[in-house]
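K.L.:
Handing you this structure, nothing more for now.
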2 protein chains.
Amino acid sequence: MVILKWIGNYFGGCRYLMGFAYFAGANFLLTLVAAILCVCFAPTAAGPGIPEIKAYLNGVDTPNMFGATTLIVKIIGSVGAVSAGLDLGKEGPLVHIGSCIASLLGQGGPDNYRLKWRWLRYFNNDRDRRDLITCGASSGVCAAFRAPVGGVLFALEEVATWWRSALLWRTFFGTAVVVVVLRAFMEICKSGNCGLFGKGGLIMFDVSNVSVRYHAVDIIPVALIGVLGGVLGSLYNHLLHKILRVYNLINEKGKFHKLLLALSVSIFTSVCLYGLPFLARCRPCDPSLPDSSCPTTGRAGNFKQFNCPKDYYNDLATLLLTTNDDAVRNIFSISTPREYEILSLIIFFALYCILGLVTFGIAVPSGLFLPIILMGSAYGRMLGTAMGPYTKIDQGLYAVLGAASLMAGSMRMTVSLCVIFLELTNNLLLLPITMLVLLIAKTVGDCFNPSIYEIILELKGLPFLDAHPEPWMRNITVGELADVKPAVVTLSGIEKVGRIVEILKNTTHNGFPVVDEGVVPPMGSRIGATELHGLVLRAHLVLVLKKKWFLQERRRTEEWEVREKFTSIDLAERGVKIEEVMVTEDEMEMYVDLHPLTNTTPYTVVESISVAKAMVLFRQVGLRHMLILPKYQAAGVFPVVGILTRQDLRAHNILSAFPHLEKSSGGKKGH
Amino acid sequence: MVILKWIGNYFGGCRYLMGFAYFAGANFLLTLVAAILCVCFAPTAAGPGIPEIKAYLNGVDTPNMFGATTLIVKIIGSVGAVSAGLDLGKEGPLVHIGSCIASLLGQGGPDNYRLKWRWLRYFNNDRDRRDLITCGASSGVCAAFRAPVGGVLFALEEVATWWRSALLWRTFFGTAVVVVVLRAFMEICKSGNCGLFGKGGLIMFDVSNVSVRYHAVDIIPVALIGVLGGVLGSLYNHLLHKILRVYNLINEKGKFHKLLLALSVSIFTSVCLYGLPFLARCRPCDPSLPDSSCPTTGRAGNFKQFNCPKDYYNDLATLLLTTNDDAVRNIFSISTPREYEILSLIIFFALYCILGLVTFGIAVPSGLFLPIILMGSAYGRMLGTAMGPYTKIDQGLYAVLGAASLMAGSMRMTVSLCVIFLELTNNLLLLPITMLVLLIAKTVGDCFNPSIYEIILELKGLPFLDAHPEPWMRNITVGELADVKPAVVTLSGIEKVGRIVEILKNTTHNGFPVVDEGVVPPMGSRIGATELHGLVLRAHLVLVLKKKWFLQERRRTEEWEVREKFTSIDLAERGVKIEEVMVTEDEMEMYVDLHPLTNTTPYTVVESISVAKAMVLFRQVGLRHMLILPKYQAAGVFPVVGILTRQDLRAHNILSAFPHLEKSSGGKKGH
């Protein structure tokens, strides 16, 4: 602050520079706080977090994604980054915050803060945790857009991999609570003692008080918006992909580089926001408007006076020198057809294209929704201004449609975006056109590249399992796949401690088939049969070693012994490593009965099944391991051919073992 | 007509009776047409059709459900039944009509009308047909309520069993087309030359022009509406269940009884609708209303004059002597707090409770939505009138909430109903209360009985596979299940014609495992192994017999032979019966090579897996047959333990074989 004052004094009466120093300095400091928190305490809090949540619900856990530290950093960082005037939204972070809270509740409290609620342990299982995180994500969208149904649909369409009807009304319940609480706070804050909270009412960008009239000819501009939105959206995805790769290289160099990048973007943003309004001309107020609405000098409102004389306003300042939310509100504003010059809109659009591309990858919590809405609304309004004489649709509605089309072109959602826009704008009559625009933009965008979230997932290297198998996966069987893998490591039902330790130390597998040899089955003459008993998890094996549940002789344990030793809470324990377990030489010669620990009902496939079908099973049922059984039945045939995991079923990994497959399919097919 | 005139003349100047004769006669004739069509030509066209569509998408095909005859009868019958003033809606039938059209398109045209489009054959497979029918159902809801997003969500929440993200935007596309076409027709019909079509605009029951103000105390009446809606909804389900059972007994007696039932209901309805308004007093018009709006004599509008002097109106006539749609519009009407006397509302509510119960089961196309909306809106408005002095919420909105709560109490949907009501009423500010009401009503209803569609599915005996296995299914393995079934019938890879004919005639199985004995596998020492080759379908076996694709000697066919003989269109042929196939004595001694016809990649489970897990696999992946493999591996072990079908996995069938399971679970658990 002292420095800023000094700079100000140095330039004497130059109030503009003084103003800039305060503006840029405040933004700089806020960005610094957000970036330092993210860089030093919780790197997972940077970015939107939605791709990681999507991956988690698909079965891929990112470490430290839902911890208490991440939550706190995300909240403070998001406040900092949004207040710093960066071109990013609070929507993605709110989704992540919702999921973090849900996950912490599901675990019964944070692991590392000694706050645990025993009674919440009930939800401490994978399925309930997944459900809770889905509810958290939908509540986050609901809180961000005040769109309860949109939130449910966002979780359904974009985030979740598995969906059950019970989950539908649970997320719905979650968002209902959010919206009732929001409504209650607005009621409490009506007297104005909570600052700006609740000023906008329950509908954020209300455009309901314009009558929507459209006719058959309006199909043409609407289709044009859709096509342009699709092209621009996929172009945005493409460029963002390139820039994120460059950013990854910079960020890998260390914490200092990360900070530097964030701060440079902050300064660049400040310079642009402060400097560009000077390029716009002062425009006279429309005399038909009431006096108080033009020009305005306060925080919100259209027709900012900025640097202009009385009864004049600066249109670019109206868009730039305000919060992102208010900028959207201003550009969506209806019945103001001559408010913005086309040049100002072009400058605004170009600026937010650049900012949208350079801001997203920096190390602060950032959402993608608002930058895209800003870009899209600008080009929509530009198109509306250009089409002005030929159409009856209001320019504000053009801006809404432009925003919707760019969202669909980049994120490729349809139903959820449609409902979110409906709930944002409260104009039901616009619905048919919005639907058309969304569908056209999505279809056009799908011709060029995948959705932005898929691109980010790919960049982060998360092994996301797609809903649809590639066509060439029908031409390869799981047996062939198992043949090129290292031979499967199996355990006996009663296994030596030494062998378990050796296997756990020398392999990284997380599941091992348990096979009993030489058993006599209950019925008939199957003497000397081999029995596939099931699958035992690495975590449980480590647990056995840690708890030293060993037997002196090779025998099966009784049921009462099992009941005495293990509780289901023990079995839910995770995170013990084999390196932390000490086993003595004597113990190495002892035995462990794996039968009570084995999951005796693993899902299986026959070796002759195609990879495509195996993948459908794997994803639909939500598995981690799948055993491959032989199709032959004879003495000496081993009852397990192999074991399949998520990594084995990824297209990329299969193709590296079977390169001819891709050729036969004629390249990758989008969907 | 002559008779009616005669009756009229007989009673001389008694114009009331004359009017009644015309009214009841017209209703009678319209009902007669609808009922005769349904009874004689397409019994599957009766009722809403939604449960059957739901069952189809779950994997249970009802014969003649989606044929061209059904479609035509449904359209004409629905027009007749709705015009006859019966207490039923056009929503269910429109869903069915949409699905029929979709299904016919998917098949390339109707089977029996010699109209086939070859190029549509592309969609003639199970998955595309299922997708098309889902799109048809959502388009039907969209057309009925002019609710595009609601239609998509209805298909998602209530109708579909499997859901893919691709299906989401496909149904969305379907409803977008519907709403654009609707909008275009409204534009064309603006001049008024299409009768009453499009009068209401795109929003059917618009209540947007009332400002919704509610505070914390309004939670109490809102919760009360929800609880009452849940109780009444489940009570309605319960009573409807009983009445449908009685109706089933009547309908089983023959076509004449079916007709008689439908016509009695029609006469009863006419008597009530015509007679009851005489019970209501004439009420003076509110002088603050404009002259033209009170009293009205035309078709639509509030404040019907009926039998009253000038400046007086009959409130019960306003509700009864109009179409069902207009009745809803009148009862939803806002800013008319003193329009209806509580007595009139009680009469209306009681009448529609009775009509709603007795009308649904008759042999005409009928929907459930509108009757429930009518009942619900009446009790909501009653509650609103009673609460009048204590609340700021408009009585019209109480009626909306009442309708929503009864729908949720009976149908147990949440998100889709919420969006449908939003799109019907165009009042976004009502959303938080609607959500609360829906959730409360659904939760209360779930305490008593399952949803109305599940009750109807149960009554129709359709083997619907539930999403969740019962808890006791974890305590039984598929091996135990296979043990109590007749031994599995397997075929050899190269089988004698005689044996195939014998098996097809003596069993009703639709799939047979194919097992090769004594094969030498490609690798190693597995001499004398048995190989599970796959599963062959009954339809394909019959096809082989019909096409006489026999071999003189026991040998494998070459690939070129296969290519020459069978095309994929042949294999898609269905419906040939074994009884229609003639095989000579000589041919009985020949052989068939089943290898090329076998599905070599069936889904399998090991015998030790629990029924609960097998059921998850069965439903999630969408199977018809599932092979059970032995967990033992030895010479002499048969490679197939059994085969599971949908019927084997139904809770009812398992319990009849293992009655002790239910006791151990402590009775059935709802979900």
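As shown in the structure tokens, the chain order sets the letters A, B, ...; within each chain, residues go from 1, and ligands are also counted from 1 in the order they appear.
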Residues of chain A were defined as contacting chain B if any atom lay at most 8 Å from it, counting only C-alpha atoms; please report them as JSON, numbers by chain.
P.N.:
{"A": [149, 157, 164, 165, 168, 169, 172, 173, 176, 179, 180, 184, 187, 202, 215, 216, 414, 415, 419, 423, 426, 428, 429, 432, 435, 436, 439, 467, 521, 526, 527, 528, 529, 530, 531, 532, 533, 600, 601, 602, 603, 604, 605, 606, 608, 609, 610, 616, 617, 620, 621, 631, 632, 633, 634, 635, 636, 637, 638, 639]}
K.L.:
Can you pull out the residues contacting Thr584 (chain A)? Cut-off 12 Å, using only C-alpha atoms, and skip same-chain residues under 6 positions away; I want them as a short mmCIF file (atom, residue, chain, number, x, y, z; two decimals) with N, CA, C and O atoms, in the first residue's frame.
P.N.:
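The resulting file, part.cif, is reproduced below:
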```cif
data_model
loop_
_atom_site.label_atom_id
_atom_site.label_comp_id
_atom_site.auth_asym_id
_atom_site.auth_seq_id
_atom_site.Cartn_x
_atom_site.Cartn_y
_atom_site.Cartn_z
N VAL A 497 2.39 -67.07 5.02
CA VAL A 497 2.60 -65.64 5.24
C VAL A 497 3.72 -65.13 4.35
O VAL A 497 3.61 -64.05 3.74
N GLY A 498 4.79 -65.92 4.23
CA GLY A 498 5.94 -65.49 3.44
C GLY A 498 5.55 -65.16 2.02
O GLY A 498 5.96 -64.15 1.45
N VAL A 501 3.58 -61.86 1.77
CA VAL A 501 4.46 -60.70 1.89
C VAL A 501 5.21 -60.48 0.59
O VAL A 501 5.30 -59.36 0.07
N LEU A 545 -1.83 -58.99 7.77
CA LEU A 545 -0.43 -58.98 8.20
C LEU A 545 -0.25 -58.03 9.38
O LEU A 545 0.47 -58.32 10.33
N LYS A 546 -0.93 -56.91 9.31
CA LYS A 546 -0.78 -55.91 10.37
C LYS A 546 -1.36 -56.44 11.69
O LYS A 546 -0.77 -56.26 12.75
N LYS A 548 -1.67 -59.48 12.43
CA LYS A 548 -1.01 -60.76 12.74
C LYS A 548 -2.01 -61.87 13.00
O LYS A 548 -1.93 -62.59 13.99
N PHE A 550 -2.42 -64.94 12.21
CA PHE A 550 -1.76 -66.08 11.59
C PHE A 550 -2.16 -67.38 12.28
O PHE A 550 -2.58 -67.39 13.43
N MET A 590 4.34 -69.18 9.00
CA MET A 590 2.98 -69.49 9.43
C MET A 590 2.01 -69.37 8.26
O MET A 590 2.39 -69.04 7.14
#
```
K.L.:
Please compute the CA of Leu259 (chain A)-CA of Leu457 (chain A) distance, one decimal, in Å.
P.N.:
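Interatomic distance, CA of Leu259 (chain A) to CA of Leu457 (chain A): 23.3 Å.
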K.L.:
Would you pick out the contacts of Gly396 (chain A) at 7 Å or less, using only C-alpha atoms, so that residues sharing its chain but fewer than 5 positions from it are not included, and give the list as a ChimeraX atom specification?
P.N.:
/A:331-334,381
K.L.:
Near Pro513 (chain B), counting only C-alpha atoms, which residues have an atom at most 9 Å away, once you skip same-chain residues fewer than 5 positions from it, shown as a list of chain:residue names?
P.N.:
B:Val488, B:Val489, B:Thr490, B:Leu491, B:Ser492, B:Leu532, B:His533, B:Gly534, B:Leu535, B:Val536, B:Leu537, B:Thr598, B:Leu627, B:Val640, B:Gly642, B:Ile643
K.L.:
Give the strand (DSSP E or B) residues of region 310-436 of chain B, as assigned by DSSP on the backbone, as a list in words.
P.N.:
Tyr312, Tyr313, Asn314, Pro365 and Gly367 of chain B
K.L.:
Could you state the separation of CA of Leu462 (chain A) and CA of Gly174 (chain A) in Å, given to one decimal place?
P.N.:
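Between CA of Leu462 (chain A) and CA of Gly174 (chain A) the gap is 28.1 Å.
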K.L.:
Which of region 325-386 of chain A counts as alpha helix (DSSP H) under DSSP, as number ranges by chain please?
P.N.:
A: 325-331, 342-359, 369-386
K.L.:
One decimal, Å: what's the distance from CA of Cys142 (chain A) over to CA of Leu167 (chain A), could you say?
P.N.:
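Pair CA of Cys142 (chain A) / CA of Leu167 (chain A) returns 16.0 Å.
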K.L.:
Counting only C-alpha atoms, figure out which residue out of A:Glu454, A:Asp206, A:Asp394, A:Glu589 gets nearest to Asp218 (chain A).
P.N.:
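Smallest distance to Asp218 (chain A) is found for A:Asp394.
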K.L.:
Extract, using only C-alpha atoms, all DNA, RNA and protein residues at most 12 Å from region 447-452 of chain B, discarding same-chain residues fewer than 5 positions from it, and format them as a VMD selection string.
P.N.:
chain B and resid 48 50 to 51 158 227 230 to 241 244 360 368 to 369 372 406 to 413 440 to 442 457 to 459 466 668 to 671
K.L.:
Take the selection from the previous step and output its residues with C-alpha atoms, as a tab-separated table (two decimals), in the first residue's frame.
P.N.:
```tsv
chain	number	residue	atom	x	y	z
B	48	PRO	CA	-53.01	-45.35	-20.71
B	50	ILE	CA	-47.65	-46.19	-20.04
B	51	PRO	CA	-47.18	-49.29	-17.83
B	158	GLU	CA	-40.67	-43.00	-14.99
B	227	VAL	CA	-48.73	-34.59	3.60
B	230	GLY	CA	-49.26	-38.14	-0.07
B	231	VAL	CA	-52.04	-39.67	2.02
B	232	LEU	CA	-54.74	-39.05	-0.56
B	233	GLY	CA	-52.49	-40.22	-3.39
B	234	SER	CA	-51.70	-43.52	-1.74
B	235	LEU	CA	-55.34	-43.91	-0.76
B	236	TYR	CA	-56.27	-43.35	-4.40
B	237	ASN	CA	-53.74	-45.98	-5.45
B	238	HIS	CA	-55.16	-48.40	-2.91
B	239	LEU	CA	-58.79	-47.90	-3.94
B	240	LEU	CA	-57.98	-47.94	-7.64
B	241	HIS	CA	-56.20	-51.24	-7.12
B	244	LEU	CA	-59.38	-52.56	-11.06
B	360	PHE	CA	-59.91	-45.52	-15.32
B	368	LEU	CA	-54.27	-40.78	-15.42
B	369	PHE	CA	-52.71	-37.34	-15.34
B	372	ILE	CA	-55.46	-36.67	-10.69
B	406	LEU	CA	-51.61	-35.53	-5.46
B	407	MET	CA	-49.62	-36.39	-8.57
B	408	ALA	CA	-46.52	-37.00	-6.48
B	409	GLY	CA	-48.55	-38.92	-3.91
B	410	SER	CA	-49.92	-41.23	-6.56
B	411	MET	CA	-47.21	-41.43	-9.24
B	412	ARG	CA	-44.18	-40.82	-6.98
B	413	MET	CA	-42.23	-38.77	-9.49
B	440	ILE	CA	-43.16	-34.44	1.04
B	441	ALA	CA	-46.01	-36.03	-0.89
B	442	LYS	CA	-43.74	-38.64	-2.45
B	457	LEU	CA	-47.81	-53.52	-13.76
B	458	GLU	CA	-48.38	-55.96	-10.92
B	459	LEU	CA	-52.07	-56.28	-11.83
B	466	ASP	CA	-37.00	-53.88	-10.25
B	668	LYS	CA	-40.85	-57.16	2.09
B	669	LYS	CA	-39.07	-53.87	2.20
B	670	GLY	CA	-40.16	-50.91	0.13
B	671	HIS	CA	-37.62	-48.71	-1.59
```
K.L.:
Please identify all polymer residues within 8 Å of Phe28 (chain B), counting only C-alpha atoms, omitting same-chain residues fewer than 5 positions from it, and present them as a PyMOL selection string.
P.N.:
chain B and resi 84+263+266-267
